[in-house]
Amino acid sequence: RPDTATHSPAVTATILSPPTQASVYCVAAVLWTAAKFSIPRNQKLALPRRLKALLLDMAKRSAPERLSTAEAIKVTTPWSWPGPG
């Protein structure tokens, strides 16, 4: 994850450009597929509402509608594992 706190707004805009939004889409697709992999095709995927909403926001069809990398990180920070120490 890029450390945007140490960069100017111009550099931050470059770091979080549309190609990273494609990465956000790919991460959502991988997570959805991984969750779906362990259940039968005809069974509905049961995910917590917040997680499902996050994945759907990350997988919007057009890049401008998708969450940016920074937004996705901000949303998922409360779910992050505690750091060392």
# chains A, B, ... in the order shown; residues from 1 in each chain; ligands from 1

call {"tool": "select_by_dssp", "arguments": {"residues": "segment 42-82 of chain A", "states": "helix (DSSP H, G or I)", "output": "list in words"}}
result
Arg49, Arg50, Leu51, Lys52, Ala53, Leu54, Leu55, Leu56, Asp57, Met58, Ala63, Pro64, Glu65, Thr69, Ala70, Glu71, Ala72, Ile73, Lys74, Val75, Thr76, Thr77, Pro78 and Trp79 of chain A

call {"tool": "residues_around", "arguments": {"residues": "Asp57 of chain A", "least_positions_apart": "2", "cutoff": "10 Å", "atoms": "only C-alpha atoms", "output": "list in words"}}
result
Val24, Tyr25, Ala28, Leu51, Lys52, Ala53, Leu54, Leu55, Ala59, Lys60, Arg61, Glu65, Arg66, Leu67, Ser68 and Ala72 of chain A

call {"tool": "closest_residue", "arguments": {"among": "A:Gln43, A:Leu56, A:Arg49, A:Val75", "to": "Leu31 of chain A", "atoms": "only C-alpha atoms"}}
result
A:Leu56

call {"tool": "residues_around", "arguments": {"residues": "Lys36 of chain A", "least_positions_apart": "6", "cutoff": "10 Å", "atoms": "only C-alpha atoms", "output": "number ranges by chain"}}
result
A: 30, 43-46

call {"tool": "decode", "arguments": {"residues": "segment 43-72 of chain A", "atoms": "N, CA, C and O atoms", "output": "PDB file, in the first residue's frame"}}
result
ATOM      1  N   GLN A  43     -25.725 -22.412  -3.991  1.00  0.00           N
ATOM      2  CA  GLN A  43     -25.893 -21.818  -2.665  1.00  0.00           C
ATOM      3  C   GLN A  43     -25.512 -20.344  -2.703  1.00  0.00           C
ATOM      4  O   GLN A  43     -24.516 -19.959  -3.306  1.00  0.00           O
ATOM      5  N   LYS A  44     -26.327 -19.512  -2.057  1.00  0.00           N
ATOM      6  CA  LYS A  44     -26.057 -18.081  -2.015  1.00  0.00           C
ATOM      7  C   LYS A  44     -24.887 -17.806  -1.072  1.00  0.00           C
ATOM      8  O   LYS A  44     -24.772 -18.399  -0.008  1.00  0.00           O
ATOM      9  N   LEU A  45     -24.027 -16.888  -1.484  1.00  0.00           N
ATOM     10  CA  LEU A  45     -22.878 -16.514  -0.671  1.00  0.00           C
ATOM     11  C   LEU A  45     -23.344 -15.612   0.465  1.00  0.00           C
ATOM     12  O   LEU A  45     -23.913 -14.556   0.239  1.00  0.00           O
ATOM     13  N   ALA A  46     -23.099 -16.037   1.694  1.00  0.00           N
ATOM     14  CA  ALA A  46     -23.485 -15.263   2.870  1.00  0.00           C
ATOM     15  C   ALA A  46     -22.264 -14.517   3.389  1.00  0.00           C
ATOM     16  O   ALA A  46     -21.331 -15.109   3.911  1.00  0.00           O
ATOM     17  N   LEU A  47     -22.270 -13.202   3.198  1.00  0.00           N
ATOM     18  CA  LEU A  47     -21.187 -12.347   3.679  1.00  0.00           C
ATOM     19  C   LEU A  47     -21.769 -11.293   4.604  1.00  0.00           C
ATOM     20  O   LEU A  47     -22.933 -10.901   4.442  1.00  0.00           O
ATOM     21  N   PRO A  48     -20.986 -10.794   5.544  1.00  0.00           N
ATOM     22  CA  PRO A  48     -21.451  -9.664   6.348  1.00  0.00           C
ATOM     23  C   PRO A  48     -21.819  -8.493   5.425  1.00  0.00           C
ATOM     24  O   PRO A  48     -21.164  -8.274   4.395  1.00  0.00           O
ATOM     25  N   ARG A  49     -22.840  -7.764   5.777  1.00  0.00           N
ATOM     26  CA  ARG A  49     -23.356  -6.680   4.935  1.00  0.00           C
ATOM     27  C   ARG A  49     -22.274  -5.665   4.552  1.00  0.00           C
ATOM     28  O   ARG A  49     -22.176  -5.247   3.398  1.00  0.00           O
ATOM     29  N   ARG A  50     -21.436  -5.272   5.521  1.00  0.00           N
ATOM     30  CA  ARG A  50     -20.389  -4.276   5.237  1.00  0.00           C
ATOM     31  C   ARG A  50     -19.358  -4.817   4.249  1.00  0.00           C
ATOM     32  O   ARG A  50     -18.892  -4.093   3.367  1.00  0.00           O
ATOM     33  N   LEU A  51     -18.997  -6.090   4.387  1.00  0.00           N
ATOM     34  CA  LEU A  51     -18.022  -6.680   3.477  1.00  0.00           C
ATOM     35  C   LEU A  51     -18.599  -6.798   2.074  1.00  0.00           C
ATOM     36  O   LEU A  51     -17.935  -6.470   1.085  1.00  0.00           O
ATOM     37  N   LYS A  52     -19.844  -7.240   1.974  1.00  0.00           N
ATOM     38  CA  LYS A  52     -20.481  -7.361   0.666  1.00  0.00           C
ATOM     39  C   LYS A  52     -20.586  -5.989  -0.010  1.00  0.00           C
ATOM     40  O   LYS A  52     -20.283  -5.846  -1.197  1.00  0.00           O
ATOM     41  N   ALA A  53     -20.978  -4.968   0.742  1.00  0.00           N
ATOM     42  CA  ALA A  53     -21.074  -3.618   0.185  1.00  0.00           C
ATOM     43  C   ALA A  53     -19.708  -3.129  -0.283  1.00  0.00           C
ATOM     44  O   ALA A  53     -19.586  -2.513  -1.351  1.00  0.00           O
ATOM     45  N   LEU A  54     -18.670  -3.407   0.497  1.00  0.00           N
ATOM     46  CA  LEU A  54     -17.318  -3.006   0.117  1.00  0.00           C
ATOM     47  C   LEU A  54     -16.906  -3.679  -1.188  1.00  0.00           C
ATOM     48  O   LEU A  54     -16.418  -3.016  -2.109  1.00  0.00           O
ATOM     49  N   LEU A  55     -17.109  -4.976  -1.289  1.00  0.00           N
ATOM     50  CA  LEU A  55     -16.725  -5.696  -2.507  1.00  0.00           C
ATOM     51  C   LEU A  55     -17.502  -5.192  -3.715  1.00  0.00           C
ATOM     52  O   LEU A  55     -16.933  -5.036  -4.806  1.00  0.00           O
ATOM     53  N   LEU A  56     -18.783  -4.914  -3.546  1.00  0.00           N
ATOM     54  CA  LEU A  56     -19.577  -4.401  -4.660  1.00  0.00           C
ATOM     55  C   LEU A  56     -19.118  -3.000  -5.069  1.00  0.00           C
ATOM     56  O   LEU A  56     -19.064  -2.682  -6.260  1.00  0.00           O
ATOM     57  N   ASP A  57     -18.750  -2.166  -4.103  1.00  0.00           N
ATOM     58  CA  ASP A  57     -18.222  -0.833  -4.424  1.00  0.00           C
ATOM     59  C   ASP A  57     -16.872  -0.924  -5.131  1.00  0.00           C
ATOM     60  O   ASP A  57     -16.561  -0.120  -6.003  1.00  0.00           O
ATOM     61  N   MET A  58     -16.079  -1.913  -4.754  1.00  0.00           N
ATOM     62  CA  MET A  58     -14.769  -2.095  -5.376  1.00  0.00           C
ATOM     63  C   MET A  58     -14.905  -2.652  -6.798  1.00  0.00           C
ATOM     64  O   MET A  58     -13.995  -2.493  -7.611  1.00  0.00           O
ATOM     65  N   ALA A  59     -16.013  -3.303  -7.100  1.00  0.00           N
ATOM     66  CA  ALA A  59     -16.180  -3.980  -8.388  1.00  0.00           C
ATOM     67  C   ALA A  59     -17.136  -3.258  -9.336  1.00  0.00           C
ATOM     68  O   ALA A  59     -17.624  -3.867 -10.282  1.00  0.00           O
ATOM     69  N   LYS A  60     -17.377  -1.986  -9.112  1.00  0.00           N
ATOM     70  CA  LYS A  60     -18.255  -1.239 -10.018  1.00  0.00           C
ATOM     71  C   LYS A  60     -17.706  -1.305 -11.434  1.00  0.00           C
ATOM     72  O   LYS A  60     -16.501  -1.386 -11.647  1.00  0.00           O
ATOM     73  N   ARG A  61     -18.603  -1.249 -12.408  1.00  0.00           N
ATOM     74  CA  ARG A  61     -18.230  -1.435 -13.807  1.00  0.00           C
ATOM     75  C   ARG A  61     -17.244  -0.379 -14.320  1.00  0.00           C
ATOM     76  O   ARG A  61     -16.276  -0.691 -14.987  1.00  0.00           O
ATOM     77  N   SER A  62     -17.494   0.882 -14.035  1.00  0.00           N
ATOM     78  CA  SER A  62     -16.592   1.915 -14.555  1.00  0.00           C
ATOM     79  C   SER A  62     -15.637   2.389 -13.452  1.00  0.00           C
ATOM     80  O   SER A  62     -16.031   2.535 -12.294  1.00  0.00           O
ATOM     81  N   ALA A  63     -14.404   2.642 -13.840  1.00  0.00           N
ATOM     82  CA  ALA A  63     -13.359   3.019 -12.880  1.00  0.00           C
ATOM     83  C   ALA A  63     -13.713   4.252 -12.049  1.00  0.00           C
ATOM     84  O   ALA A  63     -13.466   4.252 -10.844  1.00  0.00           O
ATOM     85  N   PRO A  64     -14.291   5.314 -12.627  1.00  0.00           N
ATOM     86  CA  PRO A  64     -14.609   6.485 -11.794  1.00  0.00           C
ATOM     87  C   PRO A  64     -15.627   6.195 -10.677  1.00  0.00           C
ATOM     88  O   PRO A  64     -15.645   6.883  -9.668  1.00  0.00           O
ATOM     89  N   GLU A  65     -16.449   5.168 -10.850  1.00  0.00           N
ATOM     90  CA  GLU A  65     -17.443   4.809  -9.826  1.00  0.00           C
ATOM     91  C   GLU A  65     -16.833   3.974  -8.705  1.00  0.00           C
ATOM     92  O   GLU A  65     -17.398   3.885  -7.624  1.00  0.00           O
ATOM     93  N   ARG A  66     -15.707   3.312  -8.978  1.00  0.00           N
ATOM     94  CA  ARG A  66     -15.080   2.425  -7.991  1.00  0.00           C
ATOM     95  C   ARG A  66     -14.411   3.206  -6.877  1.00  0.00           C
ATOM     96  O   ARG A  66     -14.037   4.349  -7.038  1.00  0.00           O
ATOM     97  N   LEU A  67     -14.253   2.516  -5.756  1.00  0.00           N
ATOM     98  CA  LEU A  67     -13.445   3.080  -4.683  1.00  0.00           C
ATOM     99  C   LEU A  67     -12.008   3.211  -5.165  1.00  0.00           C
ATOM    100  O   LEU A  67     -11.526   2.389  -5.936  1.00  0.00           O
ATOM    101  N   SER A  68     -11.339   4.231  -4.681  1.00  0.00           N
ATOM    102  CA  SER A  68      -9.902   4.339  -4.954  1.00  0.00           C
ATOM    103  C   SER A  68      -9.182   3.416  -3.975  1.00  0.00           C
ATOM    104  O   SER A  68      -9.773   2.916  -3.006  1.00  0.00           O
ATOM    105  N   THR A  69      -7.915   3.226  -4.209  1.00  0.00           N
ATOM    106  CA  THR A  69      -7.113   2.413  -3.301  1.00  0.00           C
ATOM    107  C   THR A  69      -7.151   3.005  -1.896  1.00  0.00           C
ATOM    108  O   THR A  69      -7.321   2.286  -0.911  1.00  0.00           O
ATOM    109  N   ALA A  70      -7.004   4.334  -1.812  1.00  0.00           N
ATOM    110  CA  ALA A  70      -7.005   5.003  -0.501  1.00  0.00           C
ATOM    111  C   ALA A  70      -8.343   4.817   0.212  1.00  0.00           C
ATOM    112  O   ALA A  70      -8.373   4.573   1.422  1.00  0.00           O
ATOM    113  N   GLU A  71      -9.458   4.916  -0.530  1.00  0.00           N
ATOM    114  CA  GLU A  71     -10.774   4.722   0.090  1.00  0.00           C
ATOM    115  C   GLU A  71     -10.949   3.288   0.572  1.00  0.00           C
ATOM    116  O   GLU A  71     -11.474   3.054   1.664  1.00  0.00           O
ATOM    117  N   ALA A  72     -10.510   2.331  -0.225  1.00  0.00           N
ATOM    118  CA  ALA A  72     -10.621   0.927   0.172  1.00  0.00           C
ATOM    119  C   ALA A  72      -9.786   0.643   1.414  1.00  0.00           C
ATOM    120  O   ALA A  72     -10.227  -0.055   2.327  1.00  0.00           O
TER     121      ALA A  72
END
